[in-house]
Amino acid sequence: MRRDRIQQIISEFSKRPIIVLGDFMIDEYIFGQVERISPEAPVPVVEQKRVQRIPGGAGNVVCNLRSLGVPVVASGICGFDDRAQELEKDLIELGVDQGRILFEKLDRPTTRKTRIFAANQQVCRLDLEDRSPIQSATVNTLMHRLDQALGESAAIILSDYDKGVIVPELIDRIVQRAAQQSAYVAVDPQVTHFSQYKNVDILTPNHHEAGRFLLRELKTDEAVEAGGKEILERLNCKSLLITRGEKGMSLIEPDRTRHFPTVATEVFDVTGAGDTVISVFTLVMASGGTLEEAVHLSNFAAGLVIRRIGAATVTAEELLDAASD
């Protein structure tokens, strides 16, 4: 893409408020080193050197958007615990207005994923969570809090990590309300709710998720194209972006399919790459870009973040430099 066109799109970012609704969590990274094996069991002993905690899941989508200067409304659930306070504090430090953090506190733990690294290699992951679906009363509360925000936002991203927030009732009501407000609806889906995401503007599954929904593997370009068109027909979505790892991305529309090779040259950690893709793609579309421009910029953004350890983000300047011809 021409540099001046990218600059034109980026200049719109700060004017396009986006709602992020979904599974917010704490991503905890414990970095250490291994010099011996435990005498208690044949496992490495990791000597802890550094700990980092950042918003994860839907929170990482917020991090990506805020890194690009976008006004954000954050909506989801958390528990009555220290992790909830830490999560809300982190979002405020990111620049999310306190009045636009629309969380409902429930009697369940705030989700936390702890990843342990040694010598730049992930040793294991520990999860603390309650994945039970939210009830209708919580759906009503979230919808009530989102009502005004939907009228003021250019788009809404549903960030589904299958931790209980994204339930069929909420999906249906959000899609209907967003259509009334002409807000762009983007979904990073989980297989659990895949069939519920009807009439949205864009779905961004990876090829594994899309294949599990269709009950077959999508390895080749031909399989991806056929599978993508079947998903569009079954869900009546406007478009579908299937991310395919080292094979890049495939954009499927009702009348055509285009394959985009990856631009990544080095891969250290794919954590959060999907969050970066849906964040940048949605933002470009909300800022007046075309589908092809949205794929181009989100592809380059993902190529930048997977070169870094942990759930990383990109700035507008980094994106401009990387994606310009």
# chains A, B, ... in the order shown; residues from 1 in each chain; ligands from 1
call {"tool": "residues_around", "arguments": {"residues": "A:Ile278", "least_positions_apart": "3", "cutoff": "10 Å", "atoms": "only C-alpha atoms", "output": "PyMOL selection string"}}
result
chain A and resi 61+64-65+157-159+186-188+202-205+241+273-275+281-284+294-295+298+302
call {"tool": "select_by_dssp", "arguments": {"residues": "stretch 82-270 of chain A", "states": "alpha helix (DSSP H)", "output": "MDAnalysis selection string"}}
result
chainID A and resid 82:93 136:152 168:181 207:214 221:235
call {"tool": "closest_residue", "arguments": {"among": "A:Cys78, A:Val123, A:Leu215, A:Val224", "to": "A:Leu251", "atoms": "only C-alpha atoms"}}
result
A:Val224
call {"tool": "residues_around", "arguments": {"residues": "A:Ser132", "least_positions_apart": "4", "cutoff": "9 Å", "atoms": "only C-alpha atoms", "output": "short mmCIF file (atom, residue, chain, number, x, y, z; two decimals) with N, CA and C atoms, in the first residue's frame"}}
result
data_model
loop_
_atom_site.label_atom_id
_atom_site.label_comp_id
_atom_site.auth_asym_id
_atom_site.auth_seq_id
_atom_site.Cartn_x
_atom_site.Cartn_y
_atom_site.Cartn_z
N LYS A 163 -15.10 -18.34 27.72
CA LYS A 163 -15.02 -18.27 29.17
C LYS A 163 -16.35 -17.89 29.80
N GLY A 164 -17.44 -17.91 29.01
CA GLY A 164 -18.77 -17.74 29.59
C GLY A 164 -19.49 -16.46 29.26
N VAL A 165 -18.80 -15.45 28.72
CA VAL A 165 -19.47 -14.17 28.46
C VAL A 165 -20.30 -14.23 27.18
#
call {"tool": "closest_residue", "arguments": {"among": "A:Leu21, A:Ile166, A:Ala183, A:Ile242", "to": "A:Leu218", "atoms": "only C-alpha atoms"}}
result
A:Ile242
call {"tool": "atom_distance", "arguments": {"atom1": "atom CA of A:Ser287", "atom2": "atom CA of A:His193"}}
result
28.1 Å
call {"tool": "residues_around", "arguments": {"residues": "A:Ser239", "least_positions_apart": "2", "cutoff": "6 Å", "atoms": "only C-alpha atoms", "output": "list in words"}}
result
Ile202, Cys237, Ile252 and Glu253 of chain A
call {"tool": "write_last_selection", "arguments": {"atoms": "N, CA and C atoms", "output": "short mmCIF file (atom, residue, chain, number, x, y, z; two decimals), in the first residue's frame"}}
result
data_model
loop_
_atom_site.label_atom_id
_atom_site.label_comp_id
_atom_site.auth_asym_id
_atom_site.auth_seq_id
_atom_site.Cartn_x
_atom_site.Cartn_y
_atom_site.Cartn_z
N ILE A 202 -17.88 -9.53 9.73
CA ILE A 202 -16.66 -10.30 9.49
C ILE A 202 -16.46 -11.31 10.61
N CYS A 237 -22.92 -14.38 6.72
CA CYS A 237 -21.96 -13.32 7.05
C CYS A 237 -21.57 -12.60 5.77
N ILE A 252 -12.58 -14.50 2.22
CA ILE A 252 -13.65 -15.11 1.43
C ILE A 252 -14.86 -14.18 1.45
N GLU A 253 -15.32 -13.84 0.26
CA GLU A 253 -16.55 -13.09 0.06
C GLU A 253 -17.50 -13.94 -0.76
#
call {"tool": "select_by_dssp", "arguments": {"residues": "stretch 192-273 of chain A", "states": "strand (DSSP E)", "output": "PDB file with C-alpha atoms, in the first residue's frame"}}
result
ATOM      1  CA  ILE A 202     -16.659 -10.297   9.489  1.00  0.00           C
ATOM      2  CA  LEU A 203     -15.592 -13.533  11.182  1.00  0.00           C
ATOM      3  CA  SER A 239     -17.159 -11.785   4.695  1.00  0.00           C
ATOM      4  CA  LEU A 240     -14.788 -14.237   6.320  1.00  0.00           C
ATOM      5  CA  LEU A 241     -11.068 -13.932   7.084  1.00  0.00           C
ATOM      6  CA  ILE A 242      -9.400 -17.271   7.807  1.00  0.00           C
ATOM      7  CA  THR A 243      -5.930 -16.975   9.317  1.00  0.00           C
ATOM      8  CA  MET A 249      -4.691 -15.385   5.343  1.00  0.00           C
ATOM      9  CA  SER A 250      -7.649 -16.073   3.080  1.00  0.00           C
ATOM     10  CA  LEU A 251     -10.406 -13.519   2.562  1.00  0.00           C
ATOM     11  CA  ILE A 252     -13.653 -15.106   1.431  1.00  0.00           C
ATOM     12  CA  GLU A 253     -16.549 -13.085   0.063  1.00  0.00           C
ATOM     13  CA  ARG A 256     -14.631 -14.259  -4.700  1.00  0.00           C
ATOM     14  CA  THR A 257     -11.757 -15.551  -2.571  1.00  0.00           C
ATOM     15  CA  ARG A 258      -8.304 -14.014  -2.232  1.00  0.00           C
ATOM     16  CA  HIS A 259      -5.253 -15.559  -0.581  1.00  0.00           C
ATOM     17  CA  PHE A 260      -2.632 -13.358   1.077  1.00  0.00           C
TER      18      PHE A 260
END
call {"tool": "closest_residue", "arguments": {"among": "A:Ala119, A:Ile37, A:Leu170, A:Ile54", "to": "A:Tyr197", "atoms": "only C-alpha atoms"}}
result
A:Leu170
call {"tool": "residues_around", "arguments": {"residues": "A:Asp321", "least_positions_apart": "2", "cutoff": "12 Å", "atoms": "only C-alpha atoms", "output": "ChimeraX atom specification"}}
result
/A:1-4,6-7,297,300-301,304,314-319,323-325
call {"tool": "closest_residue", "arguments": {"among": "A:Val73, A:Ile116, A:Val62, A:Ala286", "to": "A:Met25", "atoms": "only C-alpha atoms"}}
result
A:Val62
call {"tool": "atom_distance", "arguments": {"atom1": "atom CA of A:Asp90", "atom2": "atom CA of A:Pro17"}}
result
19.0 Å
call {"tool": "closest_residue", "arguments": {"among": "A:Arg125, A:Val45, A:Asp160, A:Glu104", "to": "A:Ala137", "atoms": "only C-alpha atoms"}}
result
A:Glu104
call {"tool": "residues_around", "arguments": {"residues": "A:Ala149", "least_positions_apart": "3", "cutoff": "12 Å", "atoms": "only C-alpha atoms", "output": "PDB file with C-alpha atoms, in the first residue's frame"}}
result
ATOM      1  CA  PRO A  17     -14.607   4.553  18.989  1.00  0.00           C
ATOM      2  CA  ILE A  18     -14.789   0.771  19.181  1.00  0.00           C
ATOM      3  CA  ILE A  19     -16.542  -1.475  21.703  1.00  0.00           C
ATOM      4  CA  VAL A  20     -14.734  -4.617  22.830  1.00  0.00           C
ATOM      5  CA  LEU A  21     -17.139  -7.131  24.351  1.00  0.00           C
ATOM      6  CA  PRO A  71     -11.116   5.315  21.954  1.00  0.00           C
ATOM      7  CA  VAL A  72     -12.388   2.063  23.492  1.00  0.00           C
ATOM      8  CA  VAL A  73     -15.387   0.843  25.473  1.00  0.00           C
ATOM      9  CA  ALA A  74     -14.525  -2.336  27.417  1.00  0.00           C
ATOM     10  CA  SER A  75     -17.419  -4.604  28.377  1.00  0.00           C
ATOM     11  CA  GLY A  99     -16.752   5.356  32.790  1.00  0.00           C
ATOM     12  CA  ARG A 100     -16.302   3.215  29.673  1.00  0.00           C
ATOM     13  CA  ILE A 101     -15.235   0.057  31.507  1.00  0.00           C
ATOM     14  CA  LEU A 102     -18.627  -1.651  31.632  1.00  0.00           C
ATOM     15  CA  LEU A 142     -24.526  -5.774  29.806  1.00  0.00           C
ATOM     16  CA  MET A 143     -26.994  -4.786  27.063  1.00  0.00           C
ATOM     17  CA  HIS A 144     -28.350  -1.938  29.177  1.00  0.00           C
ATOM     18  CA  ARG A 145     -24.849  -0.605  29.788  1.00  0.00           C
ATOM     19  CA  LEU A 146     -23.920  -0.953  26.113  1.00  0.00           C
ATOM     20  CA  GLU A 152     -21.664   6.313  19.636  1.00  0.00           C
ATOM     21  CA  SER A 153     -19.293   3.635  18.297  1.00  0.00           C
ATOM     22  CA  ALA A 154     -18.125   2.825  14.793  1.00  0.00           C
ATOM     23  CA  ALA A 155     -17.743  -0.899  15.466  1.00  0.00           C
ATOM     24  CA  ILE A 156     -18.018  -3.651  18.032  1.00  0.00           C
ATOM     25  CA  ILE A 174     -25.819  -7.384  20.007  1.00  0.00           C
ATOM     26  CA  ARG A 177     -28.770  -3.632  18.072  1.00  0.00           C
ATOM     27  CA  ALA A 178     -25.587  -2.974  16.098  1.00  0.00           C
ATOM     28  CA  GLN A 181     -26.977   1.724  14.798  1.00  0.00           C
ATOM     29  CA  ALA A 183     -22.094  -0.336  13.713  1.00  0.00           C
TER      30      ALA A 183
END
call {"tool": "closest_residue", "arguments": {"among": "A:Glu293, A:Leu106, A:Arg216, A:Leu94", "to": "A:Gln135", "atoms": "only C-alpha atoms"}}
result
A:Leu106
call {"tool": "atom_distance", "arguments": {"atom1": "atom CA of A:Asp82", "atom2": "atom CA of A:Ile30"}}
result
18.4 Å
call {"tool": "residues_around", "arguments": {"residues": "A:Phe31", "least_positions_apart": "6", "cutoff": "7 Å", "atoms": "only C-alpha atoms", "output": "PyMOL selection string"}}
result
chain A and resi 48-51+116-118
call {"tool": "write_last_selection", "arguments": {"atoms": "N, CA and C atoms", "output": "PDB file, in the first residue's frame"}}
result
ATOM      1  N   GLN A  48      12.603 -18.195  39.187  1.00  0.00           N
ATOM      2  CA  GLN A  48      11.873 -17.006  38.752  1.00  0.00           C
ATOM      3  C   GLN A  48      12.759 -15.772  38.803  1.00  0.00           C
ATOM      4  N   LYS A  49      12.727 -15.009  37.673  1.00  0.00           N
ATOM      5  CA  LYS A  49      13.510 -13.786  37.590  1.00  0.00           C
ATOM      6  C   LYS A  49      12.636 -12.543  37.437  1.00  0.00           C
ATOM      7  N   ARG A  50      11.536 -12.693  36.715  1.00  0.00           N
ATOM      8  CA  ARG A  50      10.708 -11.526  36.421  1.00  0.00           C
ATOM      9  C   ARG A  50       9.265 -11.960  36.187  1.00  0.00           C
ATOM     10  N   VAL A  51       8.319 -11.117  36.621  1.00  0.00           N
ATOM     11  CA  VAL A  51       6.890 -11.393  36.427  1.00  0.00           C
ATOM     12  C   VAL A  51       6.257 -10.191  35.729  1.00  0.00           C
ATOM     13  N   ILE A 116       4.706 -19.799  32.023  1.00  0.00           N
ATOM     14  CA  ILE A 116       6.043 -19.846  32.602  1.00  0.00           C
ATOM     15  C   ILE A 116       7.060 -20.066  31.478  1.00  0.00           C
ATOM     16  N   PHE A 117       8.019 -19.154  31.392  1.00  0.00           N
ATOM     17  CA  PHE A 117       9.031 -19.206  30.338  1.00  0.00           C
ATOM     18  C   PHE A 117      10.416 -19.416  30.944  1.00  0.00           C
ATOM     19  N   ALA A 118      11.222 -20.194  30.247  1.00  0.00           N
ATOM     20  CA  ALA A 118      12.626 -20.343  30.597  1.00  0.00           C
ATOM     21  C   ALA A 118      13.428 -20.370  29.298  1.00  0.00           C
TER      22      ALA A 118
END
